[in-house]
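Undergrad: Just one file: work.cif, with mmCIF, C-alpha atoms and all ligand atoms.
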```cif
data_start
#
loop_
_atom_site.label_atom_id
_atom_site.label_comp_id
_atom_site.auth_asym_id
_atom_site.auth_seq_id
_atom_site.Cartn_x
_atom_site.Cartn_y
_atom_site.Cartn_z
CA MET A 1 -21.74 -14.17 -4.57
CA GLY A 2 -25.55 -14.06 -4.36
CA SER A 3 -27.64 -10.93 -4.53
CA LEU A 4 -27.11 -8.42 -1.75
CA ALA A 5 -29.54 -8.48 1.16
CA ARG A 6 -29.92 -5.45 3.41
CA PHE A 7 -30.63 -5.62 7.11
CA SER A 8 -30.53 -3.13 9.95
CA VAL A 9 -28.63 -3.60 13.18
CA ALA A 10 -29.40 -1.98 16.54
CA MET A 11 -26.22 -1.12 18.44
CA ASP A 12 -25.17 0.94 21.43
CA GLU A 13 -24.05 4.39 20.15
CA ASP A 14 -20.67 4.23 21.89
CA LEU A 15 -19.99 0.83 20.41
CA LEU A 16 -20.95 2.08 16.95
CA ALA A 17 -18.68 5.14 17.32
CA ARG A 18 -15.75 2.85 18.19
CA PHE A 19 -16.59 0.61 15.26
CA ASP A 20 -16.67 3.63 12.91
CA ASP A 21 -13.24 4.70 14.20
CA LEU A 22 -11.94 1.22 13.43
CA VAL A 23 -13.46 1.32 9.93
CA ALA A 24 -11.98 4.80 9.29
CA ARG A 25 -8.50 3.58 10.21
CA ARG A 26 -8.71 0.94 7.49
CA GLY A 27 -8.92 3.62 4.80
CA SER A 28 -11.44 4.98 2.36
CA ALA A 29 -11.85 1.69 0.47
CA VAL A 30 -13.57 0.14 3.49
CA ASN A 31 -17.04 1.12 4.64
CA ARG A 32 -19.30 -0.17 7.43
CA SER A 33 -20.85 -2.84 5.22
CA GLU A 34 -17.51 -4.22 4.07
CA ALA A 35 -16.22 -4.21 7.65
CA VAL A 36 -19.28 -6.12 8.87
CA ARG A 37 -18.90 -8.64 6.02
CA ASP A 38 -15.25 -9.19 7.07
CA LEU A 39 -16.34 -9.84 10.66
CA VAL A 40 -18.95 -12.36 9.50
CA ARG A 41 -16.38 -14.13 7.29
CA ASP A 42 -13.94 -14.30 10.21
CA ALA A 43 -16.64 -15.81 12.41
CA LEU A 44 -17.48 -18.40 9.71
CA VAL A 45 -13.81 -19.36 9.34
CA ASP A 46 -13.54 -19.74 13.13
CA ALA A 47 -16.65 -21.92 13.15
CA GLU A 48 -15.21 -24.11 10.39
CA TRP A 49 -12.03 -24.47 12.48
CA GLU A 50 -14.02 -25.67 15.47
CA ASP A 51 -15.31 -28.63 13.46
CA SER A 52 -12.16 -30.74 13.60
CA SER A 53 -13.43 -33.24 11.01
CA GLU A 54 -13.22 -30.69 8.18
CA ASP A 55 -10.03 -30.02 6.24
CA ILE A 56 -8.78 -26.52 6.81
CA VAL A 57 -5.59 -24.67 5.94
CA GLY A 58 -3.31 -22.48 8.01
CA THR A 59 -0.04 -20.62 7.71
CA VAL A 60 2.66 -20.87 10.34
CA THR A 61 4.98 -17.85 10.37
CA MET A 62 8.10 -18.03 12.50
CA VAL A 63 11.39 -16.25 13.05
CA PHE A 64 14.43 -18.08 14.39
CA ASP A 65 18.20 -17.79 14.64
CA HIS A 66 19.73 -20.38 12.34
CA HIS A 67 22.90 -20.37 14.49
CA ALA A 68 20.95 -21.79 17.45
CA SER A 69 22.14 -25.37 17.97
CA ASP A 70 20.58 -27.80 15.45
CA LEU A 71 17.39 -25.70 15.38
CA SER A 72 17.21 -25.65 11.57
CA ASP A 73 17.58 -29.46 11.53
CA LYS A 74 14.86 -29.90 14.14
CA LEU A 75 12.44 -27.68 12.22
CA ASP A 76 13.25 -29.51 8.97
CA SER A 77 12.73 -32.91 10.61
CA LEU A 78 9.34 -31.83 11.96
CA GLN A 79 8.28 -30.72 8.49
CA HIS A 80 9.45 -33.96 6.87
CA ALA A 81 7.58 -35.96 9.52
CA HIS A 82 4.38 -34.19 8.46
CA HIS A 83 5.11 -33.90 4.74
CA GLU A 84 1.60 -35.08 3.82
CA HIS A 85 0.13 -32.00 5.56
CA ILE A 86 2.75 -29.42 4.62
CA ILE A 87 1.87 -28.03 1.21
CA SER A 88 4.52 -25.38 0.83
CA SER A 89 7.12 -23.39 2.69
CA MET A 90 9.10 -20.24 2.11
CA HIS A 91 12.42 -19.42 3.74
CA VAL A 92 13.79 -15.87 3.87
CA HIS A 93 17.25 -15.05 5.25
CA LEU A 94 16.34 -11.85 7.12
CA ASP A 95 19.85 -10.85 8.17
CA ALA A 96 23.13 -12.51 9.14
CA HIS A 97 21.43 -14.48 11.93
CA ASN A 98 17.69 -14.55 11.56
CA CYS A 99 15.51 -16.62 9.27
CA LEU A 100 11.82 -16.19 8.53
CA GLU A 101 9.79 -19.21 7.52
CA VAL A 102 6.19 -19.30 6.33
CA ILE A 103 4.71 -22.79 6.14
CA VAL A 104 1.31 -23.70 4.66
CA VAL A 105 -0.33 -26.60 6.51
CA LYS A 106 -3.48 -28.46 5.49
CA GLY A 107 -5.46 -31.02 7.46
CA THR A 108 -8.08 -31.16 10.18
CA SER A 109 -7.85 -28.25 12.61
CA ALA A 110 -6.50 -30.65 15.25
CA GLN A 111 -3.72 -31.79 12.89
CA VAL A 112 -2.84 -28.26 11.79
CA ARG A 113 -2.78 -27.00 15.40
CA ALA A 114 -0.58 -29.92 16.52
CA ILE A 115 1.93 -29.30 13.72
CA ALA A 116 1.94 -25.54 14.41
CA ASP A 117 2.41 -26.14 18.15
CA GLY A 118 5.32 -28.47 17.41
CA LEU A 119 7.06 -25.94 15.18
CA LEU A 120 6.36 -22.85 17.30
CA GLY A 121 7.18 -24.69 20.52
CA THR A 122 10.63 -25.73 19.32
CA LYS A 123 13.27 -24.19 21.58
CA GLY A 124 14.93 -21.25 19.86
CA VAL A 125 11.95 -20.09 17.78
CA LYS A 126 11.86 -16.39 18.68
CA HIS A 127 8.44 -15.47 17.43
CA GLY A 128 5.68 -17.14 15.54
CA LYS A 129 2.00 -17.41 14.89
CA LEU A 130 -0.56 -19.69 13.29
CA VAL A 131 -3.08 -17.93 11.06
CA SER A 132 -6.16 -19.99 10.35
CA THR A 133 -8.04 -19.75 7.10
CA THR A 134 -10.12 -21.97 4.85
CA ALA A 135 -10.71 -22.74 1.21
CA GLY A 136 -13.88 -20.79 1.76
CA ARG A 137 -16.71 -23.22 1.04
CA HIS A 138 -18.92 -21.15 3.32
CA LEU A 139 -17.69 -17.68 2.38
NI NI B 201 17.92 -18.48 6.56
#
```
Could you render the structure from this file as structure tokens?
Ligand code: NI
TA:
Amino acid sequence: MGSLARFSVAMDEDLLARFDDLVARRGSAVNRSEAVRDLVRDALVDAEWEDSSEDIVGTVTMVFDHHASDLSDKLDSLQHAHHEHIISSMHVHLDAHNCLEVIVVKGTSAQVRAIADGLLGTKGVKHGKLVSTTAGRHL
């Protein structure tokens, strides 16, 4: 990290009050400055994701019923088909029926989105989400 630069921001009072409420909910370890830095980092990650030529990384989290017909096999086949982009996966048996899987995918944003869409769009996946992040060259 470089040296800290200070700058002032003009903001509508109502908007600032709502922002302060949000900061307060995140606990005493977070102050306005840290919250603003987080927002800037999020925006930089999003910008990196929009440039589809850059390698990025994402996690696909999904919950599914392993009793659903050949669903586990379909999800496994999809992952094998994209083995060069799937870095790691974790499987948790949540209860007698439900499984949780967290899969780390690396590639261009277009590749990562396509793989995530394939997994999350498989019939029988109850809930899931792609979280985008980056190795942080620009953070
Ligand atoms: Ni399981």
Undergrad: List every residue of chain A that has an atom at most 6 Å from any atom of ligand NI 201 (chain B), and for each one report the closest atom pair and its distance in Å to one decimal, counting all atoms listed in the file, with rows sorted by chain and then by increasing residue number, as JSON lines.
TA:
```
{"residue": "A:Val92", "atom": "CA", "partner": "B:NI201", "partner_atom": "NI", "distance": 5.6}
{"residue": "A:His93", "atom": "CA", "partner": "B:NI201", "partner_atom": "NI", "distance": 3.7}
{"residue": "A:Cys99", "atom": "CA", "partner": "B:NI201", "partner_atom": "NI", "distance": 4.1}
```
Undergrad: Identify, on the basis of all atoms listed in the file, every residue whose closest approach to A:Ile56 does not exceed 9 Å; exclude the query and any residue fewer than 3 positions from it along the same chain; express the result as a PyMOL selection string.
TA: chain A and resi 48-49+52+105-109+112+132-135
Undergrad: Counting all atoms listed in the file, figure out which residue out of A:Leu16, A:Ile86, A:Met11, A:Ala5 gets nearest to A:Thr59.
TA: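 Smallest distance to A:Thr59 is found for A:Ile86.
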Undergrad: When you draw a straight line from atom CA of A:Ser89 to atom CA of A:Glu54, how long is it in Å?
TA: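 It comes out at 22.3 Å.
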Undergrad: Given the choices A:Leu75, A:Asp38, A:Gln111, A:Arg32, which gets closest to A:Ala17 if the distance is worked out from all atoms listed in the file?
TA: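 The shortest atom-to-atom distance to A:Ala17 comes from A:Arg32.
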Undergrad: List the neighbours of A:Val36 out to 12 Å using only C-alpha atoms; skip same-chain residues closer than 4 positions along the sequence, and give me the result as a PDB file with C-alpha atoms, in the coordinates of the input.
TA:
```
ATOM      1  CA  ARG A   6     -29.920  -5.450   3.410  1.00  0.00           C
ATOM      2  CA  PHE A   7     -30.630  -5.620   7.110  1.00  0.00           C
ATOM      3  CA  SER A   8     -30.530  -3.130   9.950  1.00  0.00           C
ATOM      4  CA  VAL A   9     -28.630  -3.600  13.180  1.00  0.00           C
ATOM      5  CA  LEU A  16     -20.950   2.080  16.950  1.00  0.00           C
ATOM      6  CA  PHE A  19     -16.590   0.610  15.260  1.00  0.00           C
ATOM      7  CA  ASP A  20     -16.670   3.630  12.910  1.00  0.00           C
ATOM      8  CA  LEU A  22     -11.940   1.220  13.430  1.00  0.00           C
ATOM      9  CA  VAL A  23     -13.460   1.320   9.930  1.00  0.00           C
ATOM     10  CA  VAL A  30     -13.570   0.140   3.490  1.00  0.00           C
ATOM     11  CA  ASN A  31     -17.040   1.120   4.640  1.00  0.00           C
ATOM     12  CA  ARG A  32     -19.300  -0.170   7.430  1.00  0.00           C
ATOM     13  CA  VAL A  40     -18.950 -12.360   9.500  1.00  0.00           C
ATOM     14  CA  ARG A  41     -16.380 -14.130   7.290  1.00  0.00           C
ATOM     15  CA  ASP A  42     -13.940 -14.300  10.210  1.00  0.00           C
ATOM     16  CA  ALA A  43     -16.640 -15.810  12.410  1.00  0.00           C
TER      17      ALA A  43
END
```
Undergrad: Please, what distance in Å, to one decimal, runs between atom CA of A:Ile87 and atom CA of A:Phe64?
TA: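 Going from atom CA of A:Ile87 over to atom CA of A:Phe64 covers 20.7 Å.
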Undergrad: Just the number, please: distance in Å from atom CA of A:His82 to atom CA of A:Ala96, one decimal.
TA: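 For atom CA of A:His82 relative to atom CA of A:Ala96, the distance reads 28.7 Å.
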Undergrad: Have stretch 20-44 of chain A completed to N, CA and C atoms, please, and pass it along as a PDB file, in the coordinates of the input.
TA:
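Listed below is the output, rebuild.pdb:
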```pdb
ATOM      1  N   ASP A  20     -16.922   2.687  14.010  1.00  0.00           N
ATOM      2  CA  ASP A  20     -16.670   3.630  12.910  1.00  0.00           C
ATOM      3  C   ASP A  20     -15.216   4.110  12.911  1.00  0.00           C
ATOM      4  N   ASP A  21     -14.661   4.328  14.107  1.00  0.00           N
ATOM      5  CA  ASP A  21     -13.240   4.700  14.200  1.00  0.00           C
ATOM      6  C   ASP A  21     -12.359   3.603  13.599  1.00  0.00           C
ATOM      7  N   LEU A  22     -12.700   2.364  13.935  1.00  0.00           N
ATOM      8  CA  LEU A  22     -11.940   1.220  13.430  1.00  0.00           C
ATOM      9  C   LEU A  22     -12.035   1.156  11.902  1.00  0.00           C
ATOM     10  N   VAL A  23     -13.242   1.358  11.380  1.00  0.00           N
ATOM     11  CA  VAL A  23     -13.460   1.320   9.930  1.00  0.00           C
ATOM     12  C   VAL A  23     -12.662   2.444   9.263  1.00  0.00           C
ATOM     13  N   ALA A  24     -12.677   3.644   9.871  1.00  0.00           N
ATOM     14  CA  ALA A  24     -11.980   4.800   9.290  1.00  0.00           C
ATOM     15  C   ALA A  24     -10.477   4.548   9.200  1.00  0.00           C
ATOM     16  N   ARG A  25      -9.938   3.858  10.207  1.00  0.00           N
ATOM     17  CA  ARG A  25      -8.500   3.580  10.210  1.00  0.00           C
ATOM     18  C   ARG A  25      -8.082   2.657   9.076  1.00  0.00           C
ATOM     19  N   ARG A  26      -9.048   1.897   8.559  1.00  0.00           N
ATOM     20  CA  ARG A  26      -8.710   0.940   7.490  1.00  0.00           C
ATOM     21  C   ARG A  26      -8.745   1.595   6.107  1.00  0.00           C
ATOM     22  N   GLY A  27      -9.030   2.887   6.058  1.00  0.00           N
ATOM     23  CA  GLY A  27      -8.920   3.620   4.800  1.00  0.00           C
ATOM     24  C   GLY A  27     -10.248   3.781   4.089  1.00  0.00           C
ATOM     25  N   SER A  28     -10.209   4.578   3.031  1.00  0.00           N
ATOM     26  CA  SER A  28     -11.440   4.980   2.360  1.00  0.00           C
ATOM     27  C   SER A  28     -12.076   3.843   1.550  1.00  0.00           C
ATOM     28  N   ALA A  29     -11.299   2.786   1.273  1.00  0.00           N
ATOM     29  CA  ALA A  29     -11.850   1.690   0.470  1.00  0.00           C
ATOM     30  C   ALA A  29     -12.796   0.808   1.288  1.00  0.00           C
ATOM     31  N   VAL A  30     -12.760   0.984   2.616  1.00  0.00           N
ATOM     32  CA  VAL A  30     -13.570   0.140   3.490  1.00  0.00           C
ATOM     33  C   VAL A  30     -14.697   0.971   4.075  1.00  0.00           C
ATOM     34  N   ASN A  31     -15.919   0.452   3.991  1.00  0.00           N
ATOM     35  CA  ASN A  31     -17.040   1.120   4.640  1.00  0.00           C
ATOM     36  C   ASN A  31     -17.641   0.178   5.687  1.00  0.00           C
ATOM     37  N   ARG A  32     -18.690   0.654   6.379  1.00  0.00           N
ATOM     38  CA  ARG A  32     -19.300  -0.170   7.430  1.00  0.00           C
ATOM     39  C   ARG A  32     -19.710  -1.538   6.916  1.00  0.00           C
ATOM     40  N   SER A  33     -20.353  -1.558   5.734  1.00  0.00           N
ATOM     41  CA  SER A  33     -20.850  -2.840   5.220  1.00  0.00           C
ATOM     42  C   SER A  33     -19.718  -3.825   4.974  1.00  0.00           C
ATOM     43  N   GLU A  34     -18.640  -3.333   4.357  1.00  0.00           N
ATOM     44  CA  GLU A  34     -17.510  -4.220   4.070  1.00  0.00           C
ATOM     45  C   GLU A  34     -16.886  -4.718   5.383  1.00  0.00           C
ATOM     46  N   ALA A  35     -16.795  -3.820   6.367  1.00  0.00           N
ATOM     47  CA  ALA A  35     -16.220  -4.210   7.650  1.00  0.00           C
ATOM     48  C   ALA A  35     -17.077  -5.263   8.349  1.00  0.00           C
ATOM     49  N   VAL A  36     -18.393  -5.121   8.260  1.00  0.00           N
ATOM     50  CA  VAL A  36     -19.280  -6.120   8.870  1.00  0.00           C
ATOM     51  C   VAL A  36     -19.149  -7.449   8.133  1.00  0.00           C
ATOM     52  N   ARG A  37     -19.066  -7.392   6.791  1.00  0.00           N
ATOM     53  CA  ARG A  37     -18.900  -8.640   6.020  1.00  0.00           C
ATOM     54  C   ARG A  37     -17.608  -9.361   6.436  1.00  0.00           C
ATOM     55  N   ASP A  38     -16.511  -8.584   6.629  1.00  0.00           N
ATOM     56  CA  ASP A  38     -15.250  -9.190   7.070  1.00  0.00           C
ATOM     57  C   ASP A  38     -15.412  -9.889   8.419  1.00  0.00           C
ATOM     58  N   LEU A  39     -16.135  -9.238   9.339  1.00  0.00           N
ATOM     59  CA  LEU A  39     -16.340  -9.840  10.660  1.00  0.00           C
ATOM     60  C   LEU A  39     -17.122 -11.148  10.550  1.00  0.00           C
ATOM     61  N   VAL A  40     -18.138 -11.149   9.678  1.00  0.00           N
ATOM     62  CA  VAL A  40     -18.950 -12.360   9.500  1.00  0.00           C
ATOM     63  C   VAL A  40     -18.091 -13.468   8.893  1.00  0.00           C
ATOM     64  N   ARG A  41     -17.254 -13.111   7.894  1.00  0.00           N
ATOM     65  CA  ARG A  41     -16.380 -14.130   7.290  1.00  0.00           C
ATOM     66  C   ARG A  41     -15.414 -14.698   8.324  1.00  0.00           C
ATOM     67  N   ASP A  42     -14.843 -13.827   9.154  1.00  0.00           N
ATOM     68  CA  ASP A  42     -13.940 -14.300  10.210  1.00  0.00           C
ATOM     69  C   ASP A  42     -14.654 -15.283  11.133  1.00  0.00           C
ATOM     70  N   ALA A  43     -15.885 -14.950  11.499  1.00  0.00           N
ATOM     71  CA  ALA A  43     -16.640 -15.810  12.410  1.00  0.00           C
ATOM     72  C   ALA A  43     -16.923 -17.158  11.740  1.00  0.00           C
ATOM     73  N   LEU A  44     -17.206 -17.153  10.422  1.00  0.00           N
ATOM     74  CA  LEU A  44     -17.480 -18.400   9.710  1.00  0.00           C
ATOM     75  C   LEU A  44     -16.223 -19.266   9.611  1.00  0.00           C
TER      76      LEU A  44
END
```
